[in-house]
file final-v8.cif (mmCIF, N, CA and C atoms and all ligand atoms)
data_query
#
loop_
_atom_site.label_atom_id
_atom_site.label_comp_id
_atom_site.auth_asym_id
_atom_site.auth_seq_id
_atom_site.Cartn_x
_atom_site.Cartn_y
_atom_site.Cartn_z
N MET A 1 86.21 101.41 84.21
CA MET A 1 86.59 102.38 85.25
C MET A 1 87.86 103.13 84.83
N ALA A 2 87.86 104.42 84.98
CA ALA A 2 89.00 105.23 84.54
C ALA A 2 90.17 105.09 85.53
N THR A 3 91.39 105.11 84.98
CA THR A 3 92.56 105.17 85.85
C THR A 3 92.60 106.55 86.47
N ASN A 4 92.71 106.60 87.78
CA ASN A 4 92.81 107.92 88.42
C ASN A 4 93.69 107.85 89.65
N ARG A 5 93.70 108.93 90.41
CA ARG A 5 94.72 109.08 91.45
C ARG A 5 94.13 109.32 92.83
N THR A 6 94.88 108.91 93.84
CA THR A 6 94.54 109.26 95.20
C THR A 6 95.79 109.74 95.90
N PHE A 7 95.62 110.31 97.09
CA PHE A 7 96.75 110.81 97.87
C PHE A 7 96.79 110.06 99.19
N THR A 8 98.01 109.70 99.62
CA THR A 8 98.16 109.00 100.89
C THR A 8 99.27 109.61 101.73
N MET A 9 99.17 109.41 103.04
CA MET A 9 100.28 109.69 103.94
C MET A 9 100.49 108.45 104.81
N ILE A 10 101.75 108.03 104.96
CA ILE A 10 102.10 107.08 106.02
C ILE A 10 102.34 107.96 107.23
N LYS A 11 101.50 107.80 108.27
CA LYS A 11 101.46 108.75 109.39
C LYS A 11 102.64 108.55 110.35
N PRO A 12 102.90 109.52 111.26
CA PRO A 12 104.07 109.46 112.13
C PRO A 12 104.20 108.17 112.95
N ASP A 13 103.08 107.60 113.40
CA ASP A 13 103.16 106.36 114.21
C ASP A 13 103.81 105.23 113.41
N ALA A 14 103.41 105.09 112.15
CA ALA A 14 103.93 103.99 111.33
C ALA A 14 105.37 104.24 110.90
N VAL A 15 105.71 105.51 110.66
CA VAL A 15 107.11 105.84 110.31
C VAL A 15 108.00 105.54 111.51
N GLU A 16 107.57 105.96 112.71
CA GLU A 16 108.36 105.72 113.95
C GLU A 16 108.64 104.24 114.17
N LYS A 17 107.66 103.41 113.84
CA LYS A 17 107.78 101.97 114.10
C LYS A 17 108.49 101.21 112.99
N GLY A 18 108.93 101.91 111.95
CA GLY A 18 109.68 101.25 110.87
C GLY A 18 108.81 100.52 109.87
N HIS A 19 107.55 100.97 109.69
CA HIS A 19 106.63 100.26 108.81
C HIS A 19 106.52 100.86 107.40
N ILE A 20 107.43 101.80 107.04
CA ILE A 20 107.33 102.39 105.70
C ILE A 20 107.41 101.29 104.63
N GLY A 21 108.40 100.43 104.74
CA GLY A 21 108.61 99.39 103.73
C GLY A 21 107.42 98.43 103.64
N GLY A 22 106.93 97.98 104.79
CA GLY A 22 105.80 97.05 104.80
C GLY A 22 104.55 97.66 104.18
N ILE A 23 104.29 98.92 104.49
CA ILE A 23 103.10 99.58 103.96
C ILE A 23 103.25 99.83 102.45
N LEU A 24 104.43 100.29 102.02
CA LEU A 24 104.62 100.49 100.57
C LEU A 24 104.48 99.18 99.81
N ASN A 25 104.92 98.08 100.43
CA ASN A 25 104.78 96.77 99.79
C ASN A 25 103.31 96.41 99.61
N MET A 26 102.48 96.66 100.65
CA MET A 26 101.05 96.37 100.52
C MET A 26 100.40 97.26 99.45
N ILE A 27 100.89 98.50 99.34
CA ILE A 27 100.33 99.43 98.35
C ILE A 27 100.66 98.95 96.93
N THR A 28 101.91 98.57 96.70
CA THR A 28 102.26 98.13 95.34
C THR A 28 101.65 96.75 95.03
N GLU A 29 101.61 95.86 96.02
CA GLU A 29 100.96 94.56 95.83
C GLU A 29 99.46 94.73 95.55
N GLY A 30 98.90 95.82 96.06
CA GLY A 30 97.48 96.12 95.84
C GLY A 30 97.19 96.69 94.46
N GLY A 31 98.23 96.86 93.65
CA GLY A 31 98.02 97.30 92.28
C GLY A 31 98.13 98.79 92.06
N PHE A 32 98.62 99.51 93.05
CA PHE A 32 98.77 100.97 92.91
C PHE A 32 100.17 101.30 92.40
N ARG A 33 100.22 102.26 91.46
CA ARG A 33 101.50 102.76 90.95
C ARG A 33 101.84 104.03 91.71
N ILE A 34 103.09 104.15 92.18
CA ILE A 34 103.53 105.36 92.88
C ILE A 34 103.89 106.42 91.85
N VAL A 35 103.15 107.53 91.91
CA VAL A 35 103.29 108.62 90.94
C VAL A 35 104.22 109.71 91.47
N ALA A 36 104.20 109.89 92.82
CA ALA A 36 105.05 110.88 93.50
C ALA A 36 105.21 110.40 94.93
N MET A 37 106.40 110.70 95.54
CA MET A 37 106.59 110.26 96.93
C MET A 37 107.72 111.03 97.61
N LYS A 38 107.53 111.36 98.91
CA LYS A 38 108.62 111.96 99.69
C LYS A 38 108.42 111.78 101.19
N LEU A 39 109.55 111.86 101.94
CA LEU A 39 109.53 111.92 103.40
C LEU A 39 109.53 113.39 103.77
N THR A 40 108.55 113.80 104.60
CA THR A 40 108.41 115.21 104.93
C THR A 40 107.78 115.32 106.31
N GLN A 41 107.66 116.53 106.84
CA GLN A 41 106.99 116.70 108.13
C GLN A 41 105.99 117.84 108.03
N LEU A 42 104.78 117.63 108.50
CA LEU A 42 103.75 118.68 108.47
C LEU A 42 104.03 119.70 109.56
N THR A 43 103.84 120.98 109.26
CA THR A 43 103.83 122.01 110.29
C THR A 43 102.43 121.99 110.93
N VAL A 44 102.30 122.67 112.07
CA VAL A 44 100.98 122.77 112.71
C VAL A 44 99.98 123.40 111.74
N ALA A 45 100.41 124.45 111.03
CA ALA A 45 99.51 125.11 110.07
C ALA A 45 99.10 124.15 108.95
N ASP A 46 100.05 123.34 108.47
CA ASP A 46 99.73 122.34 107.43
C ASP A 46 98.65 121.38 107.92
N ALA A 47 98.86 120.84 109.13
CA ALA A 47 97.92 119.83 109.66
C ALA A 47 96.55 120.44 109.93
N GLN A 48 96.52 121.67 110.43
CA GLN A 48 95.23 122.34 110.68
C GLN A 48 94.48 122.55 109.37
N LYS A 49 95.23 122.87 108.32
CA LYS A 49 94.61 123.10 107.01
C LYS A 49 94.13 121.77 106.41
N PHE A 50 95.00 120.77 106.51
CA PHE A 50 94.70 119.46 105.92
C PHE A 50 93.44 118.87 106.54
N TYR A 51 93.29 118.99 107.87
CA TYR A 51 92.16 118.39 108.57
C TYR A 51 91.14 119.45 109.01
N ALA A 52 91.06 120.57 108.26
CA ALA A 52 90.15 121.67 108.62
C ALA A 52 88.70 121.20 108.79
N VAL A 53 88.31 120.19 108.01
CA VAL A 53 86.95 119.66 108.10
C VAL A 53 86.63 119.13 109.51
N HIS A 54 87.67 118.77 110.27
CA HIS A 54 87.48 118.24 111.63
C HIS A 54 87.74 119.29 112.72
N SER A 55 87.85 120.57 112.35
CA SER A 55 88.31 121.58 113.31
C SER A 55 87.41 121.75 114.53
N GLU A 56 86.12 121.40 114.38
CA GLU A 56 85.21 121.53 115.53
C GLU A 56 85.10 120.25 116.35
N ARG A 57 85.79 119.18 115.91
CA ARG A 57 85.66 117.89 116.61
C ARG A 57 86.53 117.89 117.86
N PRO A 58 86.12 117.13 118.88
CA PRO A 58 86.87 117.14 120.14
C PRO A 58 88.31 116.61 120.02
N PHE A 59 88.55 115.78 119.01
CA PHE A 59 89.89 115.19 118.87
C PHE A 59 90.83 116.03 117.99
N PHE A 60 90.40 117.24 117.57
CA PHE A 60 91.18 118.00 116.59
C PHE A 60 92.59 118.34 117.09
N GLY A 61 92.68 118.83 118.34
CA GLY A 61 93.99 119.21 118.88
C GLY A 61 94.94 118.03 118.93
N GLU A 62 94.40 116.89 119.39
CA GLU A 62 95.17 115.65 119.48
C GLU A 62 95.63 115.20 118.08
N LEU A 63 94.73 115.35 117.10
CA LEU A 63 95.02 114.94 115.72
C LEU A 63 96.16 115.79 115.14
N VAL A 64 96.11 117.10 115.37
CA VAL A 64 97.16 117.99 114.85
C VAL A 64 98.49 117.69 115.54
N GLU A 65 98.45 117.47 116.85
CA GLU A 65 99.68 117.15 117.59
C GLU A 65 100.31 115.85 117.06
N PHE A 66 99.47 114.86 116.87
CA PHE A 66 99.93 113.56 116.35
C PHE A 66 100.53 113.69 114.95
N MET A 67 99.83 114.37 114.06
CA MET A 67 100.26 114.43 112.66
C MET A 67 101.52 115.25 112.46
N THR A 68 101.88 116.09 113.46
CA THR A 68 103.07 116.94 113.33
C THR A 68 104.25 116.45 114.16
N ARG A 69 104.10 115.34 114.86
CA ARG A 69 105.14 114.96 115.83
C ARG A 69 106.38 114.32 115.21
N GLY A 70 106.32 113.99 113.95
CA GLY A 70 107.48 113.39 113.28
C GLY A 70 107.23 113.31 111.79
N PRO A 71 108.21 112.77 111.05
CA PRO A 71 108.05 112.70 109.60
C PRO A 71 106.92 111.78 109.15
N ILE A 72 106.41 112.09 107.99
CA ILE A 72 105.41 111.27 107.30
C ILE A 72 105.96 110.95 105.91
N VAL A 73 105.39 109.94 105.26
CA VAL A 73 105.63 109.74 103.83
C VAL A 73 104.37 110.22 103.11
N ALA A 74 104.53 111.17 102.21
CA ALA A 74 103.43 111.65 101.37
C ALA A 74 103.59 111.03 99.99
N ALA A 75 102.49 110.59 99.40
CA ALA A 75 102.58 109.97 98.07
C ALA A 75 101.29 110.13 97.29
N ILE A 76 101.43 110.18 95.97
CA ILE A 76 100.28 110.12 95.06
C ILE A 76 100.30 108.75 94.40
N LEU A 77 99.14 108.12 94.36
CA LEU A 77 99.02 106.75 93.84
C LEU A 77 98.03 106.72 92.68
N GLU A 78 98.27 105.83 91.73
CA GLU A 78 97.40 105.73 90.55
C GLU A 78 96.90 104.29 90.38
N LYS A 79 95.65 104.17 90.04
CA LYS A 79 95.02 102.85 89.80
C LYS A 79 93.62 103.11 89.26
N ASP A 80 93.00 102.13 88.61
CA ASP A 80 91.58 102.26 88.30
C ASP A 80 90.83 102.43 89.62
N ASN A 81 89.87 103.34 89.66
CA ASN A 81 89.02 103.51 90.86
C ASN A 81 89.86 103.75 92.12
N ALA A 82 90.90 104.59 91.99
CA ALA A 82 91.94 104.71 93.03
C ALA A 82 91.41 105.09 94.41
N VAL A 83 90.54 106.11 94.49
CA VAL A 83 90.11 106.60 95.81
C VAL A 83 89.38 105.51 96.58
N GLU A 84 88.39 104.90 95.94
CA GLU A 84 87.59 103.89 96.64
C GLU A 84 88.42 102.63 96.93
N ASP A 85 89.20 102.18 95.95
CA ASP A 85 89.99 100.96 96.17
C ASP A 85 91.05 101.17 97.25
N PHE A 86 91.59 102.39 97.34
CA PHE A 86 92.60 102.61 98.38
C PHE A 86 91.95 102.66 99.76
N ARG A 87 90.75 103.26 99.87
CA ARG A 87 90.02 103.25 101.15
C ARG A 87 89.73 101.80 101.58
N THR A 88 89.45 100.93 100.61
CA THR A 88 89.23 99.52 100.93
C THR A 88 90.53 98.88 101.43
N LEU A 89 91.64 99.18 100.75
CA LEU A 89 92.93 98.60 101.15
C LEU A 89 93.36 99.06 102.54
N ILE A 90 93.08 100.32 102.91
CA ILE A 90 93.53 100.78 104.23
C ILE A 90 92.62 100.28 105.35
N GLY A 91 91.34 100.12 105.09
CA GLY A 91 90.43 99.60 106.12
C GLY A 91 89.81 100.71 106.95
N ALA A 92 88.96 100.32 107.89
CA ALA A 92 88.20 101.27 108.71
C ALA A 92 89.13 102.17 109.53
N THR A 93 88.63 103.39 109.82
CA THR A 93 89.38 104.37 110.62
C THR A 93 89.85 103.76 111.95
N ASN A 94 88.93 103.04 112.60
CA ASN A 94 89.26 102.36 113.86
C ASN A 94 89.81 100.97 113.55
N PRO A 95 91.08 100.71 113.87
CA PRO A 95 91.67 99.41 113.50
C PRO A 95 90.93 98.21 114.09
N ALA A 96 90.21 98.43 115.20
CA ALA A 96 89.42 97.34 115.80
C ALA A 96 88.31 96.89 114.85
N GLU A 97 87.91 97.79 113.94
CA GLU A 97 86.85 97.48 112.98
C GLU A 97 87.39 97.21 111.58
N ALA A 98 88.71 97.27 111.41
CA ALA A 98 89.31 97.11 110.07
C ALA A 98 89.32 95.63 109.67
N ALA A 99 89.00 95.37 108.39
CA ALA A 99 88.95 94.00 107.89
C ALA A 99 90.35 93.37 107.84
N GLU A 100 90.37 92.02 107.92
CA GLU A 100 91.61 91.26 107.73
C GLU A 100 92.22 91.63 106.38
N GLY A 101 93.53 91.72 106.34
CA GLY A 101 94.21 92.00 105.07
C GLY A 101 94.35 93.47 104.76
N THR A 102 93.80 94.34 105.62
CA THR A 102 93.93 95.78 105.38
C THR A 102 95.18 96.34 106.09
N ILE A 103 95.62 97.50 105.60
CA ILE A 103 96.83 98.12 106.16
C ILE A 103 96.60 98.50 107.62
N ARG A 104 95.42 99.07 107.94
CA ARG A 104 95.18 99.46 109.33
C ARG A 104 95.04 98.26 110.25
N LYS A 105 94.47 97.17 109.75
CA LYS A 105 94.39 95.95 110.58
C LYS A 105 95.79 95.52 110.99
N LYS A 106 96.73 95.61 110.05
CA LYS A 106 98.09 95.12 110.30
C LYS A 106 98.94 96.12 111.08
N TYR A 107 98.79 97.42 110.77
CA TYR A 107 99.77 98.38 111.28
C TYR A 107 99.22 99.47 112.20
N ALA A 108 97.89 99.68 112.27
CA ALA A 108 97.37 100.77 113.09
C ALA A 108 97.31 100.36 114.56
N THR A 109 97.42 101.36 115.44
CA THR A 109 97.41 101.13 116.88
C THR A 109 96.04 101.45 117.49
N SER A 110 95.44 102.54 117.04
CA SER A 110 94.20 103.03 117.64
C SER A 110 93.46 103.89 116.62
N ILE A 111 92.26 104.34 116.98
CA ILE A 111 91.49 105.20 116.06
C ILE A 111 92.24 106.49 115.74
N GLY A 112 93.01 106.98 116.68
CA GLY A 112 93.79 108.21 116.45
C GLY A 112 95.07 107.93 115.68
N GLU A 113 95.79 106.89 116.10
CA GLU A 113 97.09 106.56 115.50
C GLU A 113 96.89 105.38 114.56
N ASN A 114 96.41 105.71 113.35
CA ASN A 114 95.95 104.63 112.47
C ASN A 114 96.77 104.47 111.19
N ALA A 115 98.05 104.82 111.27
CA ALA A 115 99.09 104.41 110.30
C ALA A 115 99.05 105.06 108.92
N VAL A 116 97.86 105.25 108.35
CA VAL A 116 97.79 105.78 106.99
C VAL A 116 96.58 106.70 106.79
N HIS A 117 96.73 107.58 105.81
CA HIS A 117 95.62 108.42 105.33
C HIS A 117 95.30 108.01 103.91
N GLY A 118 94.04 108.11 103.54
CA GLY A 118 93.63 107.98 102.15
C GLY A 118 92.58 109.02 101.83
N SER A 119 92.71 109.71 100.70
CA SER A 119 91.73 110.74 100.31
C SER A 119 90.34 110.14 100.25
N ASP A 120 89.32 111.00 100.52
CA ASP A 120 87.94 110.49 100.54
C ASP A 120 87.13 110.85 99.30
N SER A 121 87.73 111.57 98.33
CA SER A 121 87.04 111.88 97.07
C SER A 121 88.08 112.24 96.01
N ASP A 122 87.68 112.18 94.75
CA ASP A 122 88.60 112.58 93.66
C ASP A 122 89.00 114.04 93.83
N GLU A 123 88.04 114.86 94.23
CA GLU A 123 88.32 116.29 94.39
C GLU A 123 89.37 116.51 95.49
N ASN A 124 89.19 115.85 96.64
CA ASN A 124 90.16 116.02 97.72
C ASN A 124 91.51 115.40 97.36
N ALA A 125 91.51 114.31 96.60
CA ALA A 125 92.77 113.69 96.16
C ALA A 125 93.59 114.70 95.35
N ALA A 126 92.93 115.43 94.48
CA ALA A 126 93.64 116.42 93.65
C ALA A 126 94.16 117.57 94.50
N ILE A 127 93.34 118.04 95.45
CA ILE A 127 93.75 119.14 96.32
C ILE A 127 94.93 118.71 97.20
N GLU A 128 94.82 117.53 97.81
CA GLU A 128 95.86 117.05 98.73
C GLU A 128 97.16 116.75 97.99
N GLY A 129 97.07 116.18 96.80
CA GLY A 129 98.27 115.88 96.01
C GLY A 129 98.99 117.16 95.61
N ALA A 130 98.22 118.16 95.18
CA ALA A 130 98.80 119.44 94.74
C ALA A 130 99.41 120.21 95.91
N PHE A 131 98.89 119.95 97.12
CA PHE A 131 99.44 120.60 98.32
C PHE A 131 100.90 120.17 98.54
N HIS A 132 101.22 118.94 98.21
CA HIS A 132 102.56 118.39 98.48
C HIS A 132 103.49 118.33 97.28
N PHE A 133 102.94 118.25 96.07
CA PHE A 133 103.80 117.98 94.91
C PHE A 133 103.53 118.93 93.75
N ALA A 134 104.61 119.46 93.18
CA ALA A 134 104.51 120.23 91.93
C ALA A 134 104.26 119.25 90.78
N GLY A 135 103.76 119.76 89.70
CA GLY A 135 103.49 118.92 88.53
C GLY A 135 104.72 118.15 88.07
N ARG A 136 105.90 118.79 88.11
CA ARG A 136 107.11 118.13 87.62
C ARG A 136 107.58 117.00 88.53
N GLU A 137 107.03 116.92 89.76
CA GLU A 137 107.40 115.84 90.70
C GLU A 137 106.45 114.65 90.57
N GLN A 138 105.49 114.72 89.65
CA GLN A 138 104.50 113.66 89.48
C GLN A 138 104.81 112.89 88.21
N PHE A 139 105.01 111.58 88.35
CA PHE A 139 105.42 110.73 87.22
C PHE A 139 104.36 109.74 86.82
P1 LIG B 1 92.10 109.85 107.14
O1 LIG B 1 91.36 111.11 106.74
O2 LIG B 1 93.32 110.15 107.99
O3 LIG B 1 92.40 108.99 105.97
O4 LIG B 1 91.16 108.97 108.07
P2 LIG B 1 89.63 108.60 107.85
O5 LIG B 1 89.11 109.27 106.60
O6 LIG B 1 89.50 107.13 107.94
O7 LIG B 1 88.95 109.25 109.13
P3 LIG B 1 88.44 110.74 109.36
O8 LIG B 1 87.05 110.65 109.86
O9 LIG B 1 88.71 111.58 108.15
O10 LIG B 1 89.35 111.22 110.55
C1 LIG B 1 90.63 111.77 110.31
C2 LIG B 1 91.60 111.26 111.34
O11 LIG B 1 91.28 111.81 112.61
C3 LIG B 1 91.67 110.90 113.62
N1 LIG B 1 90.52 110.56 114.43
N2 LIG B 1 90.58 110.46 115.73
N3 LIG B 1 89.95 110.05 118.45
C4 LIG B 1 89.00 109.93 117.53
O12 LIG B 1 87.85 109.62 117.82
C5 LIG B 1 89.35 110.13 116.14
N4 LIG B 1 88.52 110.06 115.11
C6 LIG B 1 89.27 110.33 114.02
C7 LIG B 1 92.23 109.66 112.92
O13 LIG B 1 93.64 109.78 112.81
C8 LIG B 1 91.58 109.74 111.57
O14 LIG B 1 92.29 109.01 110.62
MG MG B 2 89.37 111.31 106.17
#
call {"tool": "encode", "arguments": {"input": "final-v8.cif", "output": "structure tokens"}}
result
Amino acid sequence: MATNRTFTMIKPDAVEKGHIGGILNMITEGGFRIVAMKLTQLTVADAQKFYAVHSERPFFGELVEFMTRGPIVAAILEKDNAVEDFRTLIGATNPAEAAEGTIRKKYATSIGENAVHGSDSDENAAIEGAFHFAGREQF
């Protein structure tokens, strides 16, 4: 399996609750190398663009409001099979369905406020990473 990259955000709910350190620890313990990282805040336009695929869904307005209400940690991560393995580490979208040992099982509150994002394909990982980081910020 080739070493490749995924993109993650520690969402506003988890940042507010002081879980940045705990989540980063699970990420590094899970074998992911941090390639780029920063504390930042999405604008409404950023969040609408990032989640454009969900723009027709009933929860879209709530999702944009949530994702813009405070700072997030944005990061690019590297590992063999990064996208799929990171989706496994974060667990199901709904924390009630997330497996034991996953980040969402431990830190998510609800299906909406679920602590972390993980890219769903190599293509989206590249797009999402480039949205936040210049090439010189990636190590
Ligand atoms: P993400 O993109 O944030 O990594 O989450 P995901 O792939 O597991 O889930 P996705 O289907 O892409 O949904 C994106 C985010 O929208 C919010 N959501 N709310 N209220 C609801 O029914 C609902 N469904 C989804 C969540 O914050 C979810 O992570
Ligand atoms: Mg998704």
call {"tool": "select_by_dssp", "arguments": {"input": "final-v8.cif", "residues": "chain A", "states": "alpha helix (DSSP H)", "output": "PyMOL selection string"}}
result
chain A and resi 12-16+20-29+44-50+60-67+82-90+103-107+122-132
call {"tool": "residues_around", "arguments": {"input": "final-v8.cif", "residues": "A:Glu84", "least_positions_apart": "2", "cutoff": "9 Å", "atoms": "only C-alpha atoms", "output": "ChimeraX atom specification"}}
result
/A:6,81-82,86-89,119-121
call {"tool": "residues_near_ligand", "arguments": {"input": "final-v8.cif", "ligand": "ligand LIG 1 (chain B)", "cutoff": "10 Å", "atoms": "only C-alpha atoms and all ligand atoms", "output": "VMD selection string"}}
result
chain A and resid 7 to 11 50 to 51 53 to 54 57 to 64 66 to 67 86 to 87 90 to 95 104 108 110 to 120
call {"tool": "atom_distance", "arguments": {"input": "final-v8.cif", "atom1": "atom CA of A:Thr68", "atom2": "atom CA of A:Pro12"}}
result
7.6 Å
call {"tool": "closest_residue", "arguments": {"input": "final-v8.cif", "among": "A:Ala134, A:Ala45, A:Ile127, A:Leu77", "to": "A:Thr28", "atoms": "only C-alpha atoms"}}
result
A:Leu77
call {"tool": "atom_distance", "arguments": {"input": "final-v8.cif", "atom1": "atom CA of A:Phe32", "atom2": "atom N of A:Glu78"}}
result
5.0 Å
call {"tool": "atom_distance", "arguments": {"input": "final-v8.cif", "atom1": "atom N of A:Val83", "atom2": "atom CA of A:Met37"}}
result
16.8 Å
call {"tool": "closest_residue", "arguments": {"input": "final-v8.cif", "among": "A:Ala52, A:His132, A:Gln138, A:Lys17", "to": "ligand MG 2 (chain B)", "atoms": "only C-alpha atoms and all ligand atoms"}}
result
A:Ala52
call {"tool": "select_by_dssp", "arguments": {"input": "final-v8.cif", "residues": "stretch 47-89 of chain A", "states": "strand (DSSP E or B)", "output": "VMD selection string"}}
result
chain A and resid 72 to 80
call {"tool": "closest_residue", "arguments": {"input": "final-v8.cif", "among": "A:Ala36, A:Ile20, A:Ala47, A:Lys79", "to": "A:Phe133", "atoms": "all atoms listed in the file"}}
result
A:Ala36
call {"tool": "closest_residue", "arguments": {"input": "final-v8.cif", "among": "A:Glu56, A:Glu97, A:Glu128, A:Asp46", "to": "ligand MG 2 (chain B)", "atoms": "only C-alpha atoms and all ligand atoms"}}
result
A:Glu128
call {"tool": "residues_around", "arguments": {"input": "final-v8.cif", "residues": "A:Thr40", "least_positions_apart": "4", "cutoff": "6 Å", "atoms": "all atoms listed in the file", "output": "CSV table (one decimal) with N, CA and C atoms, in the frame of the given file"}}
result
chain,number,residue,atom,x,y,z
A,70,GLY,N,106.3,114.0,114.0
A,70,GLY,CA,107.5,113.4,113.3
A,70,GLY,C,107.2,113.3,111.8
A,71,PRO,N,108.2,112.8,111.0
A,71,PRO,CA,108.0,112.7,109.6
A,71,PRO,C,106.9,111.8,109.2
A,72,ILE,N,106.4,112.1,108.0
A,72,ILE,CA,105.4,111.3,107.3
A,72,ILE,C,106.0,111.0,105.9
A,73,VAL,N,105.4,109.9,105.3
A,73,VAL,CA,105.6,109.7,103.8
A,73,VAL,C,104.4,110.2,103.1
A,74,ALA,N,104.5,111.2,102.2
A,74,ALA,CA,103.4,111.6,101.4
A,74,ALA,C,103.6,111.0,100.0
call {"tool": "closest_residue", "arguments": {"input": "final-v8.cif", "among": "A:Thr109, A:His19, A:Gly101, A:Ile76", "to": "A:Val35", "atoms": "only N, CA and C atoms"}}
result
A:Ile76
